[in-house]
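Novice: Here it is: the structure, laid out below.
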Amino acid sequence: MAENNPFPGENNTGHVWDDNLRELQNPPPRWWMLGFWASILFVIGYTILYPSWPVGQEATPGIMGWTQMKEYERGLEQVTAKRAQFEDRIRSLSATEILADPGLMQYTLSSAKVLFGDNCAACHGSGGQGNPGFPVLADDDWLYGGTTAKLTETVAGGRQGAMTAHRSILTDAEADTLANWVVQMSETGGQGGSEEGWALFKSKGCIACHGAKANGHVLDLPNGDFVTVGAANLTDGIWRFEPGGYDSAKHTILYGVNQTGVPETRNAVMPAFSSAGKLSEQEIKKLVVYVHALGGGK
Ligand code: HEC
Ligand code: HEC
């Protein structure tokens with residue numbers, strides 16, 4: 001083939017098509033070759049420094065001693081150090097002071113959101129919106145009070161409302177009157193309860209727990225706080241037990257709340273989170289801030 005190369009003296013391979021189309025042997029450009037050798041050097045260097053070639057189940061370790069695990073641990077240390085500043089400040093401040101500190105609030109809320117999801121959401125809903133039988137935390141209606149002090153008591157110590165079962169001390173007609181009265185009260189903001197209902201409310205002892213205004217406050221303190229045994233506010237439209245309304249109210253009146261030996265009783269137990277080391281004081285403080293931010297107040 002070389003003998004009849006139509007382009008002798010040229011650095012072609014002797015392959016010619018269509019009279020003049022031929023394969024040449026030009027070296028690649030210099031920059032390309034430099035890149036090529038550099039990449040080979042890089043691979044050699046890299047495999048000496050870092051874990052690379054597979055050997056059985058393992059790989060060559062590399063002389064730098066780098067591992068993904070160490071990298072992860074270093075990252076974690078950095079995050080922990082960053083968090084420590086916030087955690088220290090949370091430890092040294094009260095829940096009320098944290099609420100007044102917007103920068104710290106951001107950290108506290110995102111940290112508490114996780115705690116809430118793990119410990120509270122199963123009963124109270126992921127946004128504190130409540131579930132049948134479990135009170136809404138994202139409103140301003142509180143059985144036990146929504147100040148940071150009351151919330152801390154609730155979360156740390158738990159709560160268990162108690163209401164007597166009245167089935168043996170009320171006639172059916174009286175239970176009807178009271179259940180209707182409760183509905184009237186809830187529909188009229190506590191203004192429209194029947195005289196008969198009010199009379200029974202007082203004479204049958206409801207007043208002792210639900211308070212003179214039937215709003216769940218046994219005593220209103222001058223500082224705006226109130227004393228409560230956890231009795232529901234009967235003057236708002238918010239029902240503690242589903243579905244609410246006449247039948248629901250009558251059921252609660254007859255069988256009470258958390259009454260042992262009364263199978264039909266309402267169950268309402270808020271677990272204590274400080275017991276058995278369930279949550280630390282720090283975690284409870286964050287949750288109190290979180291719940292207060294959801295629907296705090298009095
Ligand atoms: C097993 C279910 C359950 C879990 C879990 C639970 N709660 Fe409760 N919680 C209740 C019940 C029931 C009540 C109402 C108690 C009552 O009526 O006496 C309540 C009441 C409360 C109240 C008082 C509401 C008011 O109106 O005064 C707060 C605040 C509260 N829970 C916060 C929390 C927080 C924060 C967590 C997570 C750390 C949590 N709860 C976990 C069941 C639960
Ligand atoms: C020993 C205290 C106590 C007495 C007495 C009592 N209650 Fe209650 N009542 C409670 C508590 C506590 C709750 C709320 C329980 C909870 O949420 O854990 C409640 C809840 C209710 C509810 C449910 C409200 C809702 O939103 O679902 C009704 C209705 C009610 N009471 C009516 C009455 C009536 C009427 C009487 C008198 C016949 C009465 N109660 C007597 C403590 C009492």
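Chain labels A, B, ... are given in the sequence in which chains occur in the structure tokens; within each chain residues are numbered consecutively from 1, and ligands are likewise numbered from 1 in the order shown.
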Can you pull out every residue within 12 Å of segment 286-288 of chain A, counting only C-alpha atoms, but drop anything in the same chain fewer than 4 positions away, and send it as a PyMOL selection string?
Specialist: chain A and resi 86-87+89-91+93-99+104-121+128+137+146-156+273+279-282+292-297
Novice: Using only C-alpha atoms and all ligand atoms, what are the residues with an atom within 7 Å of ligand 2, set out as a CSV table (one decimal) with all heavy atoms, in the first residue's frame?
Specialist:
chain,number,residue,atom,x,y,z
A,143,LEU,N,-57.3,24.6,79.7
A,143,LEU,CA,-57.9,24.0,80.9
A,143,LEU,C,-57.1,24.4,82.1
A,143,LEU,O,-57.6,24.7,83.1
A,143,LEU,CB,-57.8,22.5,80.7
A,143,LEU,CG,-58.7,21.8,79.6
A,143,LEU,CD1,-58.2,20.4,79.4
A,143,LEU,CD2,-60.1,21.8,80.0
A,160,GLN,N,-54.3,15.2,84.9
A,160,GLN,CA,-55.4,14.3,84.8
A,160,GLN,C,-56.7,14.9,85.4
A,160,GLN,O,-56.9,14.9,86.6
A,160,GLN,CB,-55.0,13.0,85.6
A,160,GLN,CG,-56.0,11.9,85.4
A,160,GLN,CD,-55.4,10.6,85.8
A,160,GLN,OE1,-54.2,10.5,86.1
A,160,GLN,NE2,-56.2,9.5,85.9
A,161,GLY,N,-57.5,15.5,84.5
A,161,GLY,CA,-58.7,16.1,84.9
A,161,GLY,C,-59.6,15.1,85.6
A,161,GLY,O,-59.6,13.9,85.2
A,162,ALA,N,-60.4,15.5,86.6
A,162,ALA,CA,-61.3,14.6,87.2
A,162,ALA,C,-62.7,15.2,87.3
A,162,ALA,O,-62.8,16.4,87.8
A,162,ALA,CB,-60.8,14.2,88.6
A,163,MET,N,-63.6,14.6,86.8
A,163,MET,CA,-65.0,15.1,87.0
A,163,MET,C,-65.9,13.9,87.5
A,163,MET,O,-65.8,12.8,86.9
A,163,MET,CB,-65.6,15.6,85.7
A,163,MET,CG,-67.1,15.9,85.7
A,163,MET,SD,-67.6,16.9,84.4
A,163,MET,CE,-69.3,16.5,84.3
A,164,THR,N,-66.6,14.1,88.5
A,164,THR,CA,-67.4,13.1,89.1
A,164,THR,C,-68.5,12.6,88.1
A,164,THR,O,-68.9,13.4,87.3
A,164,THR,CB,-68.3,13.7,90.3
A,164,THR,OG1,-67.7,15.0,90.6
A,164,THR,CG2,-68.2,12.8,91.5
A,166,HIS,N,-72.2,11.7,87.4
A,166,HIS,CA,-73.4,12.2,88.1
A,166,HIS,C,-74.6,11.3,87.9
A,166,HIS,O,-75.7,11.7,88.2
A,166,HIS,CB,-73.7,13.6,87.7
A,166,HIS,CG,-72.7,14.7,88.1
A,166,HIS,ND1,-71.5,14.9,87.5
A,166,HIS,CD2,-72.7,15.5,89.2
A,166,HIS,CE1,-70.8,15.8,88.1
A,166,HIS,NE2,-71.5,16.2,89.2
A,178,LEU,N,-79.4,20.0,82.3
A,178,LEU,CA,-78.0,20.4,82.4
A,178,LEU,C,-77.3,20.3,81.0
A,178,LEU,O,-76.6,21.2,80.6
A,178,LEU,CB,-77.3,19.6,83.4
A,178,LEU,CG,-77.4,20.1,84.9
A,178,LEU,CD1,-76.9,19.1,85.9
A,178,LEU,CD2,-76.7,21.4,85.1
A,179,ALA,N,-77.6,19.2,80.3
A,179,ALA,CA,-76.9,19.1,79.0
A,179,ALA,C,-77.4,20.2,78.1
A,179,ALA,O,-76.6,20.8,77.3
A,179,ALA,CB,-77.2,17.7,78.4
A,182,VAL,N,-75.8,23.4,79.0
A,182,VAL,CA,-74.4,23.5,78.6
A,182,VAL,C,-74.3,23.9,77.1
A,182,VAL,O,-73.5,24.8,76.7
A,182,VAL,CB,-73.6,22.1,78.7
A,182,VAL,CG1,-72.3,22.1,78.0
A,182,VAL,CG2,-73.5,21.8,80.2
A,201,PHE,N,-76.8,23.7,88.2
A,201,PHE,CA,-75.4,23.9,88.1
A,201,PHE,C,-74.8,24.2,89.5
A,201,PHE,O,-73.8,23.7,90.0
A,201,PHE,CB,-75.0,25.0,87.1
A,201,PHE,CG,-73.6,25.3,87.0
A,201,PHE,CD1,-72.7,24.5,86.3
A,201,PHE,CD2,-73.0,26.5,87.6
A,201,PHE,CE1,-71.4,24.8,86.2
A,201,PHE,CE2,-71.7,26.8,87.5
A,201,PHE,CZ,-70.8,25.9,86.8
A,204,LYS,N,-76.1,21.1,92.3
A,204,LYS,CA,-75.5,19.8,92.1
A,204,LYS,C,-74.0,19.8,92.2
A,204,LYS,O,-73.3,18.8,92.0
A,204,LYS,CB,-75.9,19.2,90.8
A,204,LYS,CG,-77.4,19.0,90.7
A,204,LYS,CD,-77.9,17.9,91.7
A,204,LYS,CE,-79.4,17.8,91.7
A,204,LYS,NZ,-79.9,16.9,92.7
A,205,GLY,N,-73.4,21.0,92.6
A,205,GLY,CA,-72.0,21.0,92.8
A,205,GLY,C,-71.1,21.3,91.6
A,205,GLY,O,-69.9,21.3,91.8
A,206,CYS,N,-71.7,21.4,90.4
A,206,CYS,CA,-70.8,21.7,89.2
A,206,CYS,C,-70.0,22.9,89.4
A,206,CYS,O,-68.8,23.0,89.0
A,206,CYS,CB,-71.7,21.9,88.0
A,206,CYS,SG,-73.1,20.8,87.9
A,207,ILE,N,-70.6,23.9,90.1
A,207,ILE,CA,-69.9,25.2,90.3
A,207,ILE,C,-68.6,25.1,91.1
A,207,ILE,O,-67.7,25.9,90.8
A,207,ILE,CB,-70.9,26.1,91.1
A,207,ILE,CG1,-70.5,27.6,91.0
A,207,ILE,CG2,-71.1,25.6,92.5
A,207,ILE,CD1,-71.6,28.5,91.5
A,208,ALA,N,-68.5,24.0,91.9
A,208,ALA,CA,-67.2,23.9,92.7
A,208,ALA,C,-66.0,23.7,91.8
A,208,ALA,O,-64.9,24.2,92.1
A,208,ALA,CB,-67.4,22.7,93.6
A,209,CYS,N,-66.2,23.1,90.7
A,209,CYS,CA,-65.1,22.8,89.7
A,209,CYS,C,-65.1,23.8,88.5
A,209,CYS,O,-64.1,24.3,88.1
A,209,CYS,CB,-65.1,21.4,89.2
A,209,CYS,SG,-64.8,20.2,90.5
A,210,HIS,N,-66.3,24.0,88.0
A,210,HIS,CA,-66.4,24.9,86.8
A,210,HIS,C,-66.4,26.4,87.1
A,210,HIS,O,-66.3,27.2,86.2
A,210,HIS,CB,-67.6,24.5,86.0
A,210,HIS,CG,-67.4,23.1,85.3
A,210,HIS,ND1,-66.8,23.0,84.1
A,210,HIS,CD2,-67.8,21.9,85.7
A,210,HIS,CE1,-66.8,21.7,83.8
A,210,HIS,NE2,-67.4,21.0,84.7
A,229,VAL,N,-59.1,23.7,88.4
A,229,VAL,CA,-58.8,22.2,88.6
A,229,VAL,C,-58.8,21.5,87.3
A,229,VAL,O,-58.9,20.3,87.2
A,229,VAL,CB,-59.9,21.6,89.6
A,229,VAL,CG1,-59.8,22.2,90.9
A,229,VAL,CG2,-61.3,21.7,89.0
A,230,GLY,N,-58.8,22.3,86.2
A,230,GLY,CA,-58.8,21.7,84.9
A,230,GLY,C,-60.2,21.5,84.3
A,230,GLY,O,-60.3,20.8,83.2
A,231,ALA,N,-61.2,22.0,85.0
A,231,ALA,CA,-62.6,21.9,84.4
A,231,ALA,C,-62.7,22.7,83.2
A,231,ALA,O,-62.2,23.8,83.1
A,231,ALA,CB,-63.6,22.3,85.5
A,232,ALA,N,-63.5,22.1,82.2
A,232,ALA,CA,-63.6,22.8,80.9
A,232,ALA,C,-64.4,24.1,81.1
A,232,ALA,O,-65.2,24.3,82.0
A,232,ALA,CB,-64.4,21.9,80.0
A,233,ASN,N,-64.0,25.0,80.2
A,233,ASN,CA,-64.8,26.3,80.1
A,233,ASN,C,-66.1,25.9,79.4
A,233,ASN,O,-66.1,25.5,78.2
A,233,ASN,CB,-64.0,27.3,79.2
A,233,ASN,CG,-64.7,28.6,79.1
A,233,ASN,OD1,-65.9,28.7,79.4
A,233,ASN,ND2,-63.9,29.6,78.5
A,234,LEU,N,-67.2,26.1,80.0
A,234,LEU,CA,-68.5,25.8,79.4
A,234,LEU,C,-69.1,26.9,78.7
A,234,LEU,O,-70.2,26.8,78.1
A,234,LEU,CB,-69.5,25.3,80.5
A,234,LEU,CG,-69.0,24.1,81.3
A,234,LEU,CD1,-70.0,23.7,82.4
A,234,LEU,CD2,-68.7,22.9,80.5
A,238,ILE,N,-65.9,25.8,72.3
A,238,ILE,CA,-64.9,24.8,72.1
A,238,ILE,C,-65.3,23.6,72.9
A,238,ILE,O,-65.4,23.7,74.2
A,238,ILE,CB,-63.5,25.3,72.5
A,238,ILE,CG1,-63.1,26.5,71.6
A,238,ILE,CG2,-62.4,24.2,72.4
A,238,ILE,CD1,-61.9,27.3,72.1
A,239,TRP,N,-65.4,22.4,72.3
A,239,TRP,CA,-65.7,21.2,73.0
A,239,TRP,C,-64.5,20.4,73.3
A,239,TRP,O,-63.7,20.2,72.5
A,239,TRP,CB,-66.7,20.4,72.2
A,239,TRP,CG,-68.0,21.0,72.1
A,239,TRP,CD1,-68.5,21.9,71.1
A,239,TRP,CD2,-69.1,21.0,73.1
A,239,TRP,NE1,-69.7,22.4,71.4
A,239,TRP,CE2,-70.1,21.8,72.6
A,239,TRP,CE3,-69.2,20.3,74.3
A,239,TRP,CZ2,-71.3,22.0,73.4
A,239,TRP,CZ3,-70.4,20.5,75.0
A,239,TRP,CH2,-71.4,21.4,74.6
A,240,ARG,N,-64.4,20.0,74.6
A,240,ARG,CA,-63.3,19.2,75.0
A,240,ARG,C,-63.4,17.8,74.5
A,240,ARG,O,-62.5,17.1,74.2
A,240,ARG,CB,-63.2,19.3,76.5
A,240,ARG,CG,-62.2,18.5,77.2
A,240,ARG,CD,-60.7,18.9,76.8
A,240,ARG,NE,-59.8,17.9,77.4
A,240,ARG,CZ,-59.5,16.8,76.9
A,240,ARG,NH1,-60.0,16.4,75.8
A,240,ARG,NH2,-58.7,16.0,77.5
A,241,PHE,N,-64.6,17.3,74.5
A,241,PHE,CA,-64.9,15.9,74.1
A,241,PHE,C,-65.7,15.9,72.9
A,241,PHE,O,-66.8,16.5,72.8
A,241,PHE,CB,-65.5,15.1,75.2
A,241,PHE,CG,-64.6,15.1,76.5
A,241,PHE,CD1,-64.9,15.8,77.6
A,241,PHE,CD2,-63.4,14.3,76.4
A,241,PHE,CE1,-64.1,15.7,78.7
A,241,PHE,CE2,-62.6,14.3,77.5
A,241,PHE,CZ,-62.9,15.0,78.7
A,242,GLU,N,-65.3,15.1,71.9
A,242,GLU,CA,-66.0,15.0,70.6
A,242,GLU,C,-67.3,14.2,70.8
A,242,GLU,O,-67.3,13.4,71.6
A,242,GLU,CB,-65.1,14.3,69.6
A,242,GLU,CG,-63.8,15.1,69.3
A,242,GLU,CD,-64.0,16.4,68.6
A,242,GLU,OE1,-64.8,16.5,67.7
A,242,GLU,OE2,-63.4,17.4,69.0
A,244,GLY,N,-69.1,16.9,70.8
A,244,GLY,CA,-69.6,18.2,71.3
A,244,GLY,C,-71.1,18.1,71.2
A,244,GLY,O,-71.7,17.2,70.5
A,248,SER,N,-73.0,14.6,73.7
A,248,SER,CA,-71.6,14.6,74.2
A,248,SER,C,-71.6,15.2,75.7
A,248,SER,O,-71.0,14.6,76.6
A,248,SER,CB,-70.8,15.5,73.3
A,248,SER,OG,-69.5,15.1,73.3
A,249,ALA,N,-72.3,16.3,75.9
A,249,ALA,CA,-72.3,16.9,77.2
A,249,ALA,C,-73.0,16.0,78.2
A,249,ALA,O,-72.5,15.8,79.3
A,249,ALA,CB,-73.0,18.3,77.1
A,250,LYS,N,-74.1,15.4,77.7
A,250,LYS,CA,-74.9,14.5,78.7
A,250,LYS,C,-74.0,13.3,79.1
A,250,LYS,O,-74.0,12.9,80.2
A,250,LYS,CB,-76.2,14.1,78.0
A,250,LYS,CG,-77.1,13.4,79.0
A,250,LYS,CD,-78.5,13.1,78.4
A,250,LYS,CE,-79.3,12.3,79.3
A,250,LYS,NZ,-80.6,11.9,78.7
A,252,THR,N,-70.8,13.2,79.3
A,252,THR,CA,-69.7,13.7,80.2
A,252,THR,C,-70.4,13.9,81.6
A,252,THR,O,-69.8,13.5,82.6
A,252,THR,CB,-69.1,15.0,79.8
A,252,THR,OG1,-68.7,14.8,78.4
A,252,THR,CG2,-67.9,15.3,80.6
A,253,ILE,N,-71.6,14.5,81.6
A,253,ILE,CA,-72.3,14.8,82.9
A,253,ILE,C,-72.6,13.4,83.6
A,253,ILE,O,-72.3,13.3,84.8
A,253,ILE,CB,-73.5,15.6,82.7
A,253,ILE,CG1,-73.1,17.0,82.2
A,253,ILE,CG2,-74.4,15.7,84.0
A,253,ILE,CD1,-74.3,17.8,81.7
A,256,GLY,N,-68.8,11.3,83.9
A,256,GLY,CA,-67.6,12.0,84.4
A,256,GLY,C,-66.4,11.8,83.6
A,256,GLY,O,-66.4,11.3,82.5
A,257,VAL,N,-65.3,12.2,84.2
A,257,VAL,CA,-64.0,12.1,83.5
A,257,VAL,C,-63.0,11.4,84.4
A,257,VAL,O,-62.9,11.7,85.6
A,257,VAL,CB,-63.4,13.6,83.2
A,257,VAL,CG1,-62.1,13.5,82.5
A,257,VAL,CG2,-64.4,14.4,82.4
A,268,ALA,N,-58.9,11.1,80.1
A,268,ALA,CA,-58.1,12.3,79.8
A,268,ALA,C,-56.9,12.3,80.6
A,268,ALA,O,-56.9,12.8,81.8
A,268,ALA,CB,-58.9,13.6,80.1
Novice: So that I can see what lies close to segment 44-53 of chain A, please list as a list in words the residues with an atom at most 9 Å from it, counting only C-alpha atoms and leaving out residues fewer than 4 positions away in the same chain.
Specialist: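 Final neighbour list, sorted by chain and number: Ser39, Ile40, Glu58, Ala59, Thr60, Pro61, Gly62, Ile63, Met64, Gly65, Trp66 and Thr67 of chain A.
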Novice: Could you write out that same residue set with N, CA, C and O atoms as a PDB file, in the first residue's frame?
Specialist:
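Done, and the output landed in again-v3.pdb:
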ATOM      1  N   SER A  39      -3.536  14.133  34.534  1.00  0.00           N
ATOM      2  CA  SER A  39      -4.618  13.361  35.141  1.00  0.00           C
ATOM      3  C   SER A  39      -4.107  12.020  35.644  1.00  0.00           C
ATOM      4  O   SER A  39      -4.559  11.525  36.678  1.00  0.00           O
ATOM      5  N   ILE A  40      -3.123  11.439  34.938  1.00  0.00           N
ATOM      6  CA  ILE A  40      -2.549  10.175  35.417  1.00  0.00           C
ATOM      7  C   ILE A  40      -1.805  10.405  36.731  1.00  0.00           C
ATOM      8  O   ILE A  40      -1.978   9.653  37.699  1.00  0.00           O
ATOM      9  N   GLU A  58     -12.312  -4.557  51.947  1.00  0.00           N
ATOM     10  CA  GLU A  58     -11.809  -3.237  52.335  1.00  0.00           C
ATOM     11  C   GLU A  58     -11.294  -2.488  51.121  1.00  0.00           C
ATOM     12  O   GLU A  58     -11.583  -2.845  49.987  1.00  0.00           O
ATOM     13  N   ALA A  59     -10.504  -1.451  51.374  1.00  0.00           N
ATOM     14  CA  ALA A  59      -9.831  -0.734  50.299  1.00  0.00           C
ATOM     15  C   ALA A  59      -8.507  -0.239  50.848  1.00  0.00           C
ATOM     16  O   ALA A  59      -8.339  -0.132  52.068  1.00  0.00           O
ATOM     17  N   THR A  60      -7.559   0.048  49.953  1.00  0.00           N
ATOM     18  CA  THR A  60      -6.298   0.625  50.445  1.00  0.00           C
ATOM     19  C   THR A  60      -6.619   1.885  51.228  1.00  0.00           C
ATOM     20  O   THR A  60      -7.424   2.704  50.775  1.00  0.00           O
ATOM     21  N   PRO A  61      -6.030   2.057  52.418  1.00  0.00           N
ATOM     22  CA  PRO A  61      -6.487   3.132  53.315  1.00  0.00           C
ATOM     23  C   PRO A  61      -6.027   4.533  52.913  1.00  0.00           C
ATOM     24  O   PRO A  61      -6.682   5.502  53.251  1.00  0.00           O
ATOM     25  N   GLY A  62      -4.919   4.653  52.192  1.00  0.00           N
ATOM     26  CA  GLY A  62      -4.407   5.989  51.891  1.00  0.00           C
ATOM     27  C   GLY A  62      -3.637   6.540  53.080  1.00  0.00           C
ATOM     28  O   GLY A  62      -4.013   6.289  54.222  1.00  0.00           O
ATOM     29  N   ILE A  63      -2.552   7.295  52.801  1.00  0.00           N
ATOM     30  CA  ILE A  63      -1.681   7.699  53.917  1.00  0.00           C
ATOM     31  C   ILE A  63      -2.222   8.882  54.713  1.00  0.00           C
ATOM     32  O   ILE A  63      -1.717   9.211  55.768  1.00  0.00           O
ATOM     33  N   MET A  64      -3.289   9.526  54.237  1.00  0.00           N
ATOM     34  CA  MET A  64      -3.843  10.670  54.979  1.00  0.00           C
ATOM     35  C   MET A  64      -4.700  10.224  56.165  1.00  0.00           C
ATOM     36  O   MET A  64      -5.043  11.047  57.025  1.00  0.00           O
ATOM     37  N   GLY A  65      -5.116   8.955  56.142  1.00  0.00           N
ATOM     38  CA  GLY A  65      -5.966   8.466  57.228  1.00  0.00           C
ATOM     39  C   GLY A  65      -7.382   9.011  57.149  1.00  0.00           C
ATOM     40  O   GLY A  65      -8.140   8.979  58.111  1.00  0.00           O
ATOM     41  N   TRP A  66      -7.795   9.525  55.994  1.00  0.00           N
ATOM     42  CA  TRP A  66      -9.144  10.097  55.843  1.00  0.00           C
ATOM     43  C   TRP A  66     -10.177   8.985  55.749  1.00  0.00           C
ATOM     44  O   TRP A  66      -9.967   7.996  55.074  1.00  0.00           O
ATOM     45  N   THR A  67     -11.276   9.130  56.468  1.00  0.00           N
ATOM     46  CA  THR A  67     -12.417   8.229  56.245  1.00  0.00           C
ATOM     47  C   THR A  67     -13.679   9.071  56.246  1.00  0.00           C
ATOM     48  O   THR A  67     -13.704  10.159  56.821  1.00  0.00           O
TER      49      THR A  67
END
Novice: Would you give me, as a PyMOL selection string, the residues in segment 58-288 of chain A that DSSP reads as strand (DSSP E)?
Specialist: chain A and resi 58-59+159-160+219-220+226-227+269-270
Novice: Selected residues, N, CA and C atoms, written as a CSV table (one decimal), in the first residue's frame, please.
Specialist:
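That gives us out_24.csv:
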chain,number,residue,atom,x,y,z
A,58,GLU,N,-12.3,-4.6,51.9
A,58,GLU,CA,-11.8,-3.2,52.3
A,58,GLU,C,-11.3,-2.5,51.1
A,59,ALA,N,-10.5,-1.5,51.4
A,59,ALA,CA,-9.8,-0.7,50.3
A,59,ALA,C,-8.5,-0.2,50.8
A,159,ARG,N,-51.1,15.9,83.6
A,159,ARG,CA,-52.4,16.4,84.1
A,159,ARG,C,-53.4,15.2,84.0
A,160,GLN,N,-54.3,15.2,84.9
A,160,GLN,CA,-55.4,14.3,84.8
A,160,GLN,C,-56.7,14.9,85.4
A,219,LEU,N,-61.2,30.6,90.6
A,219,LEU,CA,-60.8,31.9,91.2
A,219,LEU,C,-60.0,32.7,90.2
A,220,ASP,N,-60.4,33.9,90.0
A,220,ASP,CA,-59.6,34.8,89.2
A,220,ASP,C,-58.7,35.7,90.1
A,226,PHE,N,-55.4,32.6,86.9
A,226,PHE,CA,-56.6,32.0,87.5
A,226,PHE,C,-56.3,30.7,88.1
A,227,VAL,N,-57.1,30.3,89.1
A,227,VAL,CA,-57.0,29.0,89.7
A,227,VAL,C,-58.0,28.1,89.0
A,269,VAL,N,-55.8,11.7,80.1
A,269,VAL,CA,-54.6,11.6,80.9
A,269,VAL,C,-53.5,12.2,80.1
A,270,MET,N,-52.9,13.3,80.6
A,270,MET,CA,-51.7,13.8,80.0
A,270,MET,C,-50.5,13.3,80.8
Novice: Quick check, in Å to one decimal: how far apart do atom CA of Asp139 of chain A and atom 25 (C, counted along the ligand's line) of ligand 1 lie?
Specialist: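 Distance between the two atoms: 9.6 Å.
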Novice: Which residues in segment 34-249 of chain A does DSSP call alpha helix (DSSP H)? List them as an MDAnalysis selection string.
Specialist: chainID A and resid 34:49 68:92 95:99 102:119 121:124 148:157 172:187 195:203 206:210 246:249
Novice: So, with only C-alpha atoms and all ligand atoms as the atoms that count, which of A:Thr235, A:Asn26, A:Ser126, A:Ser168 lies closest to ligand 1?
Specialist: A:Ser126
Novice: From the set A:Gly145, A:Asp236, A:Trp31, A:Val183, which residue has the shortest atom-to-atom contact distance to Gly224 of chain A, counting only C-alpha atoms?
Specialist: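 Of the candidates, the smallest distance to Gly224 of chain A is held by A:Gly145.
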Novice: Given the choices A:Gly75, A:Gly103, A:Gly237, A:Gly127, which gets closest to ligand 1 if the distance is worked out from only C-alpha atoms and all ligand atoms?
Specialist: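 With only C-alpha atoms and all ligand atoms as the atom set, the closest residue is A:Gly127.
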Novice: Using only C-alpha atoms, which protein or nucleic acid residues come within 12 Å of Asn5 of chain A? Drop anything in the same chain fewer than 4 positions from it, and give the result as a compact mmCIF listing (two decimals) with C-alpha atoms, in the first residue's frame.
Specialist:
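Final output, saved to selection.txt:
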# COMPACT_ATOMS: atom_id res chain seq x y z
CA MET A 1 0.00 0.00 0.00
CA GLY A 9 6.39 12.01 2.46
CA GLU A 10 3.29 13.05 4.33
CA ASN A 11 2.70 11.63 7.86
CA ASN A 12 -0.35 9.73 6.75
CA THR A 13 -0.98 6.09 7.56
CA GLY A 14 -1.46 5.17 3.92
CA HIS A 15 -5.22 4.77 4.30
CA VAL A 16 -6.84 6.81 1.59
CA TRP A 17 -10.49 7.01 0.62
CA ASP A 19 -8.95 9.81 -3.83
CA ASN A 20 -7.72 12.27 -1.20
CA ARG A 22 -6.58 10.13 4.36
CA GLU A 23 -5.76 9.26 7.92
